[in-house]
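Participant: Okay, here's the structure, questions in a sec.
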Amino acid sequence: MKTKLLTLAAASLLAACASPTLQIDRSHVSQNQDSRAQYLILHYTVLDFDKSMKVLTTGGKVSAHYLVQDNPSKVYQLVDENRRAWHAGVSYWAGATNLNSASIGIEIVNPGFTETPMGRVYAPYPKAQMDDVIRLSQEIVARHGIRSDRILGHNDIAPGRKQDPGPEFPWKRFADAGLIPWPDQTQVEIKTAIYQVGPVPEVDWFQDRLSKVGYQTPRTGVFDVATREVISTFQMKYRPANFSGDMDAETAALLDVVTSPGGMKTKTPLPADDQPRSEF
């Protein structure tokens, strides 16, 4: 009996010392907030589906919120959108760094490129896979209010260090779906003709304009390797047929239009079921 009384007394003492459950009033919600996800970053895996899934879900210290299979196309969510995935690495865009903390990453199963005697050859993306990537991107953008100028490739935020999603990625289809703006073709043609007649701008002009787009660009006035890599990355998106990194007239025209008021046009997005299905 005595032992029982001691046990009850000890239990009562512990209960008295325990902290009460914190009561939180959640009836007031601030209007001054937005999503932590400010960027959408697109990648290719350079691996087949099985290896991609293993690397992204086990101890490889790399992850993404989504993985999109190639054949057949299927979307897998690997990380909750409210948690940070490890996909961007050392990164920069328009003054922002450490983009893992503020982005959602989509990895797309694609072998990347193959080195051949004729040069580097990039693999195409299956149409059905791109249909799913575009739909997924539309849903993510709608959920988080991600700005169109913050839908980027891994190479945009790490030029030279990364090439994905590469020149075969259909950025123009993203523009046609209303996800990103695109250079006005008429303005590009006019300015290309002008730059073909007159001198192409100096390297410091290219460096200044590329910085305005958002790229981390040297500001040395020297046409160095880093500057060529940034130019090549810009060309991969807007002129994928030729991404040599050269400072030619068409690249100057594109860069001029992209960084000029009224140069970029945004299409009104279509409902997901009405998206164009033509090959890109």
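Just so we're on the same page: first chain in the structure tokens is A, next is B, and so on; residues restart at 1 for each chain, and ligands are numbered from 1 in the order they show up.
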Phe49 of chain A: which residues within 8 Å, counting only C-alpha atoms, same-chain residues fewer than 5 positions away excluded, as a VMD selection string?
Facilitator: chain A and resid 69 to 70 109
Participant: Step one, run DSSP on the backbone; step two, keep only residues of segment 5-208 of chain A assigned to strand (DSSP E); then write them as a PyMOL selection string.
Facilitator: chain A and resi 39-44+66-68+75-77+92-93+96-97+103-108+113-116+119-122+151-153+182-183
Participant: Can I get the selected residues back with C-alpha atoms, as an mmCIF file, in the first residue's frame?
Facilitator:
data_model
loop_
_atom_site.group_PDB
_atom_site.id
_atom_site.type_symbol
_atom_site.label_atom_id
_atom_site.label_comp_id
_atom_site.auth_asym_id
_atom_site.auth_seq_id
_atom_site.Cartn_x
_atom_site.Cartn_y
_atom_site.Cartn_z
ATOM 1 C CA TYR A 39 11.872 29.973 -58.646
ATOM 2 C CA LEU A 40 11.209 26.934 -60.817
ATOM 3 C CA ILE A 41 14.406 25.217 -62.009
ATOM 4 C CA LEU A 42 14.467 22.601 -64.781
ATOM 5 C CA HIS A 43 17.124 19.914 -65.166
ATOM 6 C CA TYR A 44 17.975 16.796 -67.120
ATOM 7 C CA TYR A 66 9.783 16.023 -59.081
ATOM 8 C CA LEU A 67 11.161 13.446 -61.489
ATOM 9 C CA VAL A 68 9.549 13.061 -64.921
ATOM 10 C CA VAL A 75 5.534 12.288 -62.963
ATOM 11 C CA TYR A 76 6.901 11.312 -59.536
ATOM 12 C CA GLN A 77 6.974 13.635 -56.528
ATOM 13 C CA TYR A 92 22.934 32.789 -58.897
ATOM 14 C CA TRP A 93 20.160 34.720 -60.626
ATOM 15 C CA ALA A 96 19.896 35.977 -55.584
ATOM 16 C CA THR A 97 22.095 33.079 -54.475
ATOM 17 C CA SER A 103 13.026 27.045 -55.583
ATOM 18 C CA ILE A 104 11.225 23.963 -56.803
ATOM 19 C CA GLY A 105 13.266 21.586 -58.943
ATOM 20 C CA ILE A 106 12.057 19.333 -61.750
ATOM 21 C CA GLU A 107 14.447 16.612 -62.944
ATOM 22 C CA ILE A 108 13.656 15.250 -66.411
ATOM 23 C CA PHE A 113 24.693 14.733 -74.552
ATOM 24 C CA THR A 114 27.087 12.342 -76.256
ATOM 25 C CA GLU A 115 30.550 13.271 -77.493
ATOM 26 C CA THR A 116 30.952 12.183 -81.136
ATOM 27 C CA GLY A 119 30.989 17.139 -81.846
ATOM 28 C CA ARG A 120 28.619 17.075 -78.908
ATOM 29 C CA VAL A 121 25.143 15.745 -79.704
ATOM 30 C CA TYR A 122 22.240 16.428 -77.328
ATOM 31 C CA ILE A 151 11.352 29.867 -64.610
ATOM 32 C CA LEU A 152 14.897 28.853 -65.443
ATOM 33 C CA GLY A 153 17.213 26.102 -66.526
ATOM 34 C CA TRP A 182 9.697 35.429 -75.568
ATOM 35 C CA PRO A 183 11.584 37.965 -77.710
#
Participant: Tell me which protein, DNA and RNA residues are within 8 Å of segment 186-193 of chain A, counting only C-alpha atoms, leaving out same-chain ones fewer than 2 positions away, and put them as a VMD selection string.
Facilitator: chain A and resid 183 to 184 195 to 197 249 to 250 252 to 254 256 to 257 263
Participant: In Å, rounded to a single decimal, give me how far atom CA of Lys172 of chain A is from atom CA of Gly160 of chain A.
Facilitator: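 Computed distance, atom CA of Gly160 of chain A to atom CA of Lys172 of chain A, equals 22.1 Å.
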Participant: Could the residues of segment 91-158 of chain A that have an atom at most 10 Å from segment 214-227 of chain A be listed as a tab-separated table, each with its closest atom pair and the distance in Å to one decimal, counting only C-alpha atoms and ordered by chain and ascending residue number?
Facilitator:
residue	atom	partner	partner_atom	distance
A:Ser91	CA	A:Gln216	CA	8.9
A:Tyr92	CA	A:Gln216	CA	6.3
A:Trp93	CA	A:Gly214	CA	5.1
A:Ala94	CA	A:Gly214	CA	4.0
A:Gly95	CA	A:Gly214	CA	7.5
A:Ala96	CA	A:Gly214	CA	9.3
A:Asp149	CA	A:Gly214	CA	9.1
A:Arg150	CA	A:Gly214	CA	9.5
A:Asn155	CA	A:Tyr215	CA	9.7
A:Asp156	CA	A:Tyr215	CA	6.6
A:Ile157	CA	A:Tyr215	CA	6.8
A:Ala158	CA	A:Gln216	CA	8.0
Participant: Write a file of the selected residues as a PDB file, in the first residue's frame, keeping C-alpha atoms.
Facilitator:
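The resulting part_38.pdb:
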ATOM      1  CA  SER A  91      23.694  29.167 -58.042  1.00  0.00           C
ATOM      2  CA  TYR A  92      22.934  32.789 -58.897  1.00  0.00           C
ATOM      3  CA  TRP A  93      20.160  34.720 -60.626  1.00  0.00           C
ATOM      4  CA  ALA A  94      19.649  38.485 -60.663  1.00  0.00           C
ATOM      5  CA  GLY A  95      21.409  38.978 -57.349  1.00  0.00           C
ATOM      6  CA  ALA A  96      19.896  35.977 -55.584  1.00  0.00           C
ATOM      7  CA  ASP A 149      11.279  35.481 -65.388  1.00  0.00           C
ATOM      8  CA  ARG A 150      12.102  33.020 -62.612  1.00  0.00           C
ATOM      9  CA  ASN A 155      22.445  26.296 -66.839  1.00  0.00           C
ATOM     10  CA  ASP A 156      20.881  29.744 -66.397  1.00  0.00           C
ATOM     11  CA  ILE A 157      21.753  29.774 -62.712  1.00  0.00           C
ATOM     12  CA  ALA A 158      25.145  28.066 -63.158  1.00  0.00           C
TER      13      ALA A 158
END
Participant: Just checking: using only C-alpha atoms, which residue out of A:Asp164, A:Leu56, A:Asp246, A:Pro72 ends up closest to Glu202 of chain A?
Facilitator: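 Comparing A:Asp164, A:Leu56, A:Asp246, A:Pro72 against Glu202 of chain A, the winner is A:Asp246.
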Participant: Excluding same-chain residues fewer than 2 positions from Asp48 of chain A, what lies within 7 Å of it counting only C-alpha atoms, as a ChimeraX atom specification?
Facilitator: /A:50-52,109-111
Participant: Got time to write the residues from that selection, N, CA and C atoms, as a compact mmCIF listing (two decimals), in the first residue's frame?
Facilitator:
# COMPACT_ATOMS: atom_id res chain seq x y z
N ASP A 50 15.77 4.32 -63.91
CA ASP A 50 16.07 3.58 -62.68
C ASP A 50 17.24 4.22 -61.93
N LYS A 51 18.29 4.58 -62.64
CA LYS A 51 19.44 5.21 -61.98
C LYS A 51 19.09 6.60 -61.47
N SER A 52 18.27 7.32 -62.23
CA SER A 52 17.84 8.66 -61.78
C SER A 52 17.07 8.56 -60.47
N VAL A 109 14.10 12.93 -66.98
CA VAL A 109 14.95 11.82 -67.44
C VAL A 109 15.34 12.06 -68.89
N ASN A 110 16.64 12.23 -69.11
CA ASN A 110 17.18 12.52 -70.44
C ASN A 110 18.68 12.26 -70.37
N PRO A 111 19.26 11.60 -71.38
CA PRO A 111 20.68 11.26 -71.31
C PRO A 111 21.63 12.44 -71.46
Participant: Which of segment 154-223 of chain A counts as helix (DSSP H, G or I) under DSSP, as an NGL selection string please?
Facilitator: :A and (154-157 or 171-176 or 185-197 or 203-213)
Participant: When you look at segment 34-37 of chain A with a cut-off of 12 Å (counting only C-alpha atoms), what residues show up, excluding the ones that are within fewer than 5 positions of it in the same chain? I need them as a list in words.
Facilitator: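 Once the nearby chain positions are removed, what remains is His65, Asp80, Glu81, Asn82, Arg83, Arg84, Ala85, Leu99, Asn100, Ser101, Ala102, Ser103, Ile104, Gly105, Ile140, Val141, Ala142, Arg143, His144, Gly145, Ile146, Arg147, Arg150 and Ile151 of chain A.
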Participant: Take the residues from that selection and write them out as a compact mmCIF listing (two decimals), in the first residue's frame, keeping N, CA and C atoms.
Facilitator:
# COMPACT_ATOMS: atom_id res chain seq x y z
N HIS A 65 12.25 18.00 -56.33
CA HIS A 65 10.86 17.85 -55.92
C HIS A 65 10.12 16.87 -56.83
N ASP A 80 8.37 17.03 -50.81
CA ASP A 80 7.23 17.93 -50.64
C ASP A 80 7.63 19.35 -51.06
N GLU A 81 6.73 20.05 -51.72
CA GLU A 81 7.05 21.40 -52.21
C GLU A 81 7.38 22.37 -51.09
N ASN A 82 6.94 22.10 -49.88
CA ASN A 82 7.23 22.99 -48.76
C ASN A 82 8.59 22.72 -48.12
N ARG A 83 9.29 21.69 -48.61
CA ARG A 83 10.61 21.39 -48.09
C ARG A 83 11.68 21.68 -49.16
N ARG A 84 12.90 21.86 -48.72
CA ARG A 84 14.00 22.19 -49.62
C ARG A 84 14.58 20.92 -50.24
N ALA A 85 14.67 20.89 -51.56
CA ALA A 85 15.37 19.82 -52.26
C ALA A 85 16.76 20.30 -52.65
N LEU A 99 19.88 29.15 -54.41
CA LEU A 99 18.51 29.04 -54.87
C LEU A 99 17.81 27.76 -54.42
N ASN A 100 18.54 26.81 -53.87
CA ASN A 100 17.85 25.65 -53.28
C ASN A 100 16.80 26.08 -52.27
N SER A 101 17.11 27.14 -51.53
CA SER A 101 16.24 27.57 -50.44
C SER A 101 14.96 28.25 -50.92
N ALA A 102 14.90 28.61 -52.21
CA ALA A 102 13.74 29.37 -52.68
C ALA A 102 13.21 28.84 -54.01
N SER A 103 13.42 27.56 -54.27
CA SER A 103 13.03 27.05 -55.58
C SER A 103 12.40 25.66 -55.50
N ILE A 104 11.72 25.32 -56.58
CA ILE A 104 11.22 23.96 -56.80
C ILE A 104 11.97 23.41 -58.01
N GLY A 105 12.47 22.19 -57.89
CA GLY A 105 13.27 21.59 -58.94
C GLY A 105 12.55 20.44 -59.63
N ILE A 140 2.59 24.15 -60.74
CA ILE A 140 3.50 24.68 -59.72
C ILE A 140 3.47 26.20 -59.72
N VAL A 141 3.53 26.80 -60.89
CA VAL A 141 3.50 28.27 -61.01
C VAL A 141 2.21 28.83 -60.43
N ALA A 142 1.10 28.16 -60.71
CA ALA A 142 -0.19 28.62 -60.20
C ALA A 142 -0.25 28.51 -58.67
N ARG A 143 0.29 27.44 -58.12
CA ARG A 143 0.24 27.25 -56.67
C ARG A 143 1.07 28.29 -55.93
N HIS A 144 2.22 28.65 -56.50
CA HIS A 144 3.18 29.48 -55.77
C HIS A 144 3.31 30.89 -56.31
N GLY A 145 2.64 31.20 -57.41
CA GLY A 145 2.75 32.54 -57.96
C GLY A 145 4.15 32.87 -58.44
N ILE A 146 4.84 31.89 -59.02
CA ILE A 146 6.21 32.10 -59.48
C ILE A 146 6.22 33.00 -60.71
N ARG A 147 7.05 34.01 -60.69
CA ARG A 147 7.15 34.95 -61.81
C ARG A 147 7.72 34.27 -63.05
N ARG A 150 11.42 33.88 -63.57
CA ARG A 150 12.10 33.02 -62.61
C ARG A 150 11.86 31.54 -62.91
N ILE A 151 11.43 31.24 -64.13
CA ILE A 151 11.35 29.87 -64.61
C ILE A 151 12.61 29.65 -65.44
Participant: When distances are computed from only C-alpha atoms, which of A:Ser63, A:Thr259, A:Ser73, A:Thr268 shows the smallest separation from Trp86 of chain A?
Facilitator: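 Checking each candidate against Trp86 of chain A, we get A:Ser63 as the closest.
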Participant: Would you please work out which residue, of A:Lys212, A:Arg173, A:Lys127, A:Lys237, is nearest to Ser260 of chain A when using only C-alpha atoms?
Facilitator: A:Lys212
